[in-house]
Amino acid sequence: MPEGVIKIGVVSCSGENCLGGTISRLATRKMIDEIYPDKTVTICLPLFLAGGEQERMFANAYPTITVDGCDKLCAKRATEKYSGQVSDALDVSKIIGKEIAESPALSTRNLTDEQREMITKVAQEIKTKFEKVFTDYVNTLIKSGKTPASGCGCQCGG
Amino acid sequence: MSKRYALLPCNGLDKTAGCISREIALKVEERSESEIICPVFFRVAEAKYRQSTQDRPLVVIDGCQTRCASKLAAEKNLKIAEKITVAEEAKKRGQQIGASLRLGSDELALAEAIAQQLLAEESKEEKEVKRAGEEVVAFPEKYEYEIYTKDKFIFRVPKGEQFFFNENDCWAYVIGHRARVGVTDFVQQSLSDIMFFTPPTIGAEVEQFGELGNIESGKAVFEIVSPVSGKVVAVNDELVSSPERINDNPYEKGWIAELELTNFENDRELLLDFKSYFNILKRKVDSFHV
Amino acid sequence: MFSKIKVIPCSGMGKVYGLLARESALRVTQNLRPQECETMCLAYLVTGDQEAREKIEGKNCITLDGCPAMCAAKNVEMAGGIVVDKMKMIDIMKEYKGAKPGTATELTEEGWQIVDEIAERIAAKVKKLAKEEE
């Protein structure tokens with residue numbers, strides 16, 4: 001089956017309260033801008049929470065990874081509530097440290113080299129989880145003999 | 001018959017065009033049974049004007065492209081009978097608006113001309129009485145769709161024998177000698193949030209594949225290519241203040257214009273039916289990074 | 001006791017307008033009017049965080065939404081906040097026809113200029129509201 005039609009959703013918080021939110025947002029953007037642009041679909045968390053049909057439909061049908069800036073895990077809880085089990089979840093505060101993650105939110109105007117390194121580090125973690133979820137998903141599809149659900153809405157495989 | 005409008009001018013006190021809009025409202029109010037709605041008061045206490053907006057046709061008078069009065073009307077879910085944008089009216093008349101907030105003779109003359117226009121216009125009721133013998137074309141409010149998805153994006157294509165499409169992703173729904181025209185989901189998804197709508201002119205004769213106005217987002221300007229030839233008889237004015245309706249649903253509330261058809265039997269030979277267009281759409285969507 | 005005015009952006013991930021909303025909120029709450037306003041995480045509110053709801057209930061809020069979905073305005077109202085102003089980045093961008101503010105990841109020079117201008121507008125509203133509350 002063509003790999004190109006398989007996508008994984010990434011739901012990120014972009015918490016205004018803390019640096020963890022900024023890092024979470026930028027690391028997720030790195031996934032779609034640089035790392036796996038053809039395989040990643042970002043889900044807009046506010047729209048997802050407000051009932052966005054397209055966002056929820058995708059998260060329901062496809063594997064989803066959540067990326068949270070702090071241990072409140074808003075993205076994870078929201079995805080579980082509205083679209084079922086997440087395939088994997090990341091808590092940025094566990095990667096960069098709770099104290100740093102909880103420091104005030106940062107404007108992207110003033111990123112330091114140190115912060116850029118944090119973004120890269122978190123992006124790498126997302127990438128690792130992403131690859132595992134992707135592989136598992138492909139294997140599941142192969143085993144079940146199903147074609148991916150993207151394409152014609154009547155599931156004819158077209 | 002004396003006009004009985006509810007007049008909603010913008011409150012543009014820092015621009016000449018805004019001051020002209022106020023002047024227009026005053027002139028119309030003085031010479032008819034119309035009532036002025038203060039936009040500032042309306043925003044905080046709409047109860048005062050509720051009766052007026054229910055009983056009278058609403059005329060919105062904006063000074064400039066920011067269209068504050070139109071936005072206020074949209075916010076309050078009001079049906080707008082007539083929309084005037086002073087800057088556009090000045091442009092149509094080849095007139096420059098001065099910089100002073102105190103209106104000069106040219107600005108007052110412009111206000112007078114626009115006021116006269118409003119006072120002379122037939123009301124919707126008057127037009128309906130006149131058109132009593134004419135055929136009324138009622139387009140459906142809802143359609144059935146076939147859906148194609150890519151990632152999280154949904155592309156609807158309306159089914160039905162009366163739908164015709166061109167390869168420029170525009171559609172026409174034909175009833176008798178009338179067609180309603182718009183753009184497909186492929187266009188609105190590609191453009192993302194649509195911010196501006198430039199409508200075609202009512203009365204304009206358009207050839208098949210001729211231009212029927214345009215829509216613009218932060219990404220691009222899209223020229224609407226008419227699938228049919230005809231005369232523009234109606235335009236979806238709501239899109240001027242709320243172009244996002246095209247994003248919500250470009251087939252229902254986001255329709256663009258209606259045309260009186262002039263050559264449909266020939267036109268249809270170059271148009272696609274639902275099935276053909278759906279296949280084209282799938283190919284476009286698959287190869288496009290939305 | 002004076003309660004800071006809440007300036008809450010939607011922070012949508014997919015479009016530049018979400019980033020404009022976020023950056024404008026940060027500029028006004030961290031630089032222009034830090035004594036009179038603060039921002040809040042929309043996700044906290046919507047996922048039912050009790051502390052967040054108590055902070056917002058009955059309080060004056062200014063919401064900044066990236067797109068017509070109006071996620072911030074709708075959700076803040078549902079959580080009991082008094083939305084005194086609903087700012088929509090798309091509508092503001094209509095005043096900057098032809099501008100290229102950037103992407104959802106980063107803003108251009110033009111984008112930052114627009115952020116500064118939007119932030120000034122919000123700051124003026126905050127100043128006015130704060131005065132009324134005193």
# chains A, B, ... in the order shown; residues from 1 in each chain; ligands from 1
>>> residues_around(residues="stretch 68-75 of chain B", least_positions_apart="4", cutoff="7 Å", atoms="only C-alpha atoms", output="VMD selection string")
chain B and resid 8 to 10 60 to 62 241
>>> closest_atom_pairs(of="chain C", to="chain B", cutoff="7 Å", atoms="only C-alpha atoms", output="CSV")
residue,atom,partner,partner_atom,distance
C:Ile90,CA,B:Met195,CA,6.9
C:Lys94,CA,B:Met195,CA,6.4
C:Glu95,CA,B:Thr66,CA,6.7
>>> interface_residues(of="chain B", to="chain A", cutoff="10 Å", atoms="only C-alpha atoms", output="number ranges by chain")
B: 146-156, 278-279, 282, 285-286, 289
>>> closest_atom_pairs(of="chain A", to="chain C", cutoff="7 Å", atoms="only C-alpha atoms", output="Markdown table")
| residue | atom | partner | partner_atom | distance |
| --- | --- | --- | --- | --- |
| A:Ser14 | CA | C:Ser11 | CA | 6.5 |
| A:Gly15 | CA | C:Cys41 | CA | 5.3 |
| A:Glu16 | CA | C:Cys41 | CA | 4.9 |
| A:Asn17 | CA | C:Cys41 | CA | 5.7 |
| A:Leu26 | CA | C:Thr105 | CA | 6.7 |
| A:Arg29 | CA | C:Thr105 | CA | 6.1 |
| A:Thr42 | CA | C:Gly14 | CA | 6.9 |
| A:Cys44 | CA | C:Met13 | CA | 5.1 |
| A:Leu45 | CA | C:Gly12 | CA | 6.9 |
| A:Pro46 | CA | C:Cys71 | CA | 5.9 |
| A:Leu47 | CA | C:Cys71 | CA | 6.1 |
| A:Leu49 | CA | C:Val46 | CA | 6.9 |
| A:Ala50 | CA | C:Cys71 | CA | 5.8 |
| A:Cys74 | CA | C:Ala43 | CA | 6.1 |
| A:Ala78 | CA | C:Thr47 | CA | 6.5 |
| A:Ser107 | CA | C:Glu23 | CA | 6.1 |
>>> write_last_selection(atoms="C-alpha atoms", output="short mmCIF file (atom, residue, chain, number, x, y, z; two decimals), in the first residue's frame")
data_model
loop_
_atom_site.label_atom_id
_atom_site.label_comp_id
_atom_site.auth_asym_id
_atom_site.auth_seq_id
_atom_site.Cartn_x
_atom_site.Cartn_y
_atom_site.Cartn_z
CA SER A 14 0.56 25.81 22.84
CA GLY A 15 0.02 26.83 26.40
CA GLU A 16 0.12 30.52 27.02
CA ASN A 17 1.05 30.03 30.63
CA LEU A 26 7.44 24.88 17.96
CA ARG A 29 5.67 22.74 13.88
CA THR A 42 -1.27 18.89 12.97
CA CYS A 44 -5.46 22.61 16.03
CA LEU A 45 -6.20 22.08 19.74
CA PRO A 46 -8.54 25.07 20.24
CA LEU A 47 -10.56 24.03 17.20
CA LEU A 49 -11.82 21.43 21.73
CA ALA A 50 -14.45 23.73 20.22
CA CYS A 74 -4.57 19.18 28.24
CA ALA A 78 -8.90 16.40 25.28
CA SER A 107 7.50 34.93 22.36
#
>>> residues_around(residues="C:Arg121", least_positions_apart="4", cutoff="12 Å", atoms="only C-alpha atoms", output="ChimeraX atom specification")
/C:24-25,27-28,32-33,62,64,85,87,92,114-117,125-128
>>> write_last_selection(atoms="N, CA and C atoms", output="short mmCIF file (atom, residue, chain, number, x, y, z; two decimals), in the first residue's frame")
data_model
loop_
_atom_site.label_atom_id
_atom_site.label_comp_id
_atom_site.auth_asym_id
_atom_site.auth_seq_id
_atom_site.Cartn_x
_atom_site.Cartn_y
_atom_site.Cartn_z
N SER C 24 0.52 38.60 19.87
CA SER C 24 -0.09 39.88 20.29
C SER C 24 -0.45 39.83 21.76
N ALA C 25 -1.01 38.69 22.18
CA ALA C 25 -1.38 38.54 23.59
C ALA C 25 -0.14 38.60 24.48
N ARG C 27 2.73 40.02 23.83
CA ARG C 27 3.32 41.37 23.80
C ARG C 27 2.61 42.31 24.77
N VAL C 28 1.31 42.23 24.78
CA VAL C 28 0.58 43.18 25.63
C VAL C 28 0.65 42.76 27.11
N LEU C 32 3.57 45.52 27.35
CA LEU C 32 2.89 46.81 27.30
C LEU C 32 2.08 47.11 28.56
N ARG C 33 1.30 46.12 29.02
CA ARG C 33 0.44 46.39 30.19
C ARG C 33 0.50 45.23 31.18
N ILE C 62 -10.67 39.83 27.10
CA ILE C 62 -10.56 40.20 25.70
C ILE C 62 -10.06 38.94 25.00
N LEU C 64 -8.76 36.88 21.52
CA LEU C 64 -8.13 37.08 20.23
C LEU C 64 -8.24 35.77 19.45
N ASP C 85 -14.53 42.22 24.53
CA ASP C 85 -14.11 42.49 23.16
C ASP C 85 -13.65 41.20 22.49
N MET C 87 -11.73 40.01 19.46
CA MET C 87 -10.92 40.46 18.32
C MET C 87 -10.64 39.29 17.40
N ILE C 92 -8.77 41.94 11.29
CA ILE C 92 -7.71 42.94 11.38
C ILE C 92 -6.82 42.85 10.14
N ILE C 114 2.80 44.00 12.46
CA ILE C 114 1.35 43.86 12.65
C ILE C 114 1.06 43.47 14.10
N VAL C 115 1.86 42.56 14.63
CA VAL C 115 1.70 42.17 16.05
C VAL C 115 1.81 43.40 16.95
N ASP C 116 2.82 44.22 16.70
CA ASP C 116 3.01 45.41 17.55
C ASP C 116 1.80 46.33 17.46
N GLU C 117 1.27 46.46 16.26
CA GLU C 117 0.11 47.36 16.11
C GLU C 117 -1.13 46.79 16.79
N LYS C 125 -7.29 49.23 24.86
CA LYS C 125 -8.55 48.71 25.43
C LYS C 125 -8.36 48.32 26.89
N VAL C 126 -7.23 47.69 27.18
CA VAL C 126 -6.95 47.25 28.55
C VAL C 126 -6.86 48.46 29.47
N LYS C 127 -6.18 49.49 28.99
CA LYS C 127 -6.03 50.70 29.81
C LYS C 127 -7.40 51.28 30.14
N LYS C 128 -8.25 51.31 29.14
CA LYS C 128 -9.60 51.88 29.32
C LYS C 128 -10.40 51.03 30.30
#
>>> residues_around(residues="B:Arg178", least_positions_apart="6", cutoff="12 Å", atoms="only C-alpha atoms", output="number ranges by chain")
B: 135-139, 162, 172, 228-234, 257-264
>>> atom_distance(atom1="atom CA of C:Ala21", atom2="atom CA of A:Thr108")
12.5 Å
>>> residues_around(residues="B:Gly98", least_positions_apart="4", cutoff="8 Å", atoms="only C-alpha atoms", output="list of chain:residue names")
B:Thr16, B:Gly104, B:Glu107
>>> select_by_dssp(residues="chain A", states="strand (DSSP E or B)", output="list in words")
Ile8, Gly9, Val10, Val11, Ser12, Thr40, Val41, Thr42, Ile43, Thr64, Ile65, Thr66, Val67, Asp68, Asp88, Ala89, Leu90, Asp91, Gly151 and Cys152 of chain A
>>> atom_distance(atom1="atom CA of A:Val138", atom2="atom CA of A:Ile126")
18.0 Å
>>> residues_around(residues="stretch 22-30 of chain B", least_positions_apart="2", cutoff="7 Å", atoms="only C-alpha atoms", output="PyMOL selection string")
chain B and resi 7+9+18-20+32-36+111-112+114-115+119
>>> residues_around(residues="A:Thr64", least_positions_apart="4", cutoff="9 Å", atoms="only C-alpha atoms", output="PyMOL selection string")
chain A and resi 8-11+58-60+79+85-89+130+133
>>> select_by_dssp(residues="chain A", states="alpha helix (DSSP H)", output="PyMOL selection string")
chain A and resi 19-30+45-49+53-61+74-83+92-96+98-101+113-144
>>> atom_distance(atom1="atom CA of B:Ala17", atom2="atom CA of B:Ile97")
7.1 Å
>>> closest_residue(among="C:Ile5, C:Met78, C:Ala99, C:Ala73", to="C:Lys55", atoms="only C-alpha atoms")
C:Ile5
>>> closest_residue(among="C:Pro68, C:Pro34, C:Gly81, C:Gly102", to="C:Arg53", atoms="only C-alpha atoms")
C:Gly81
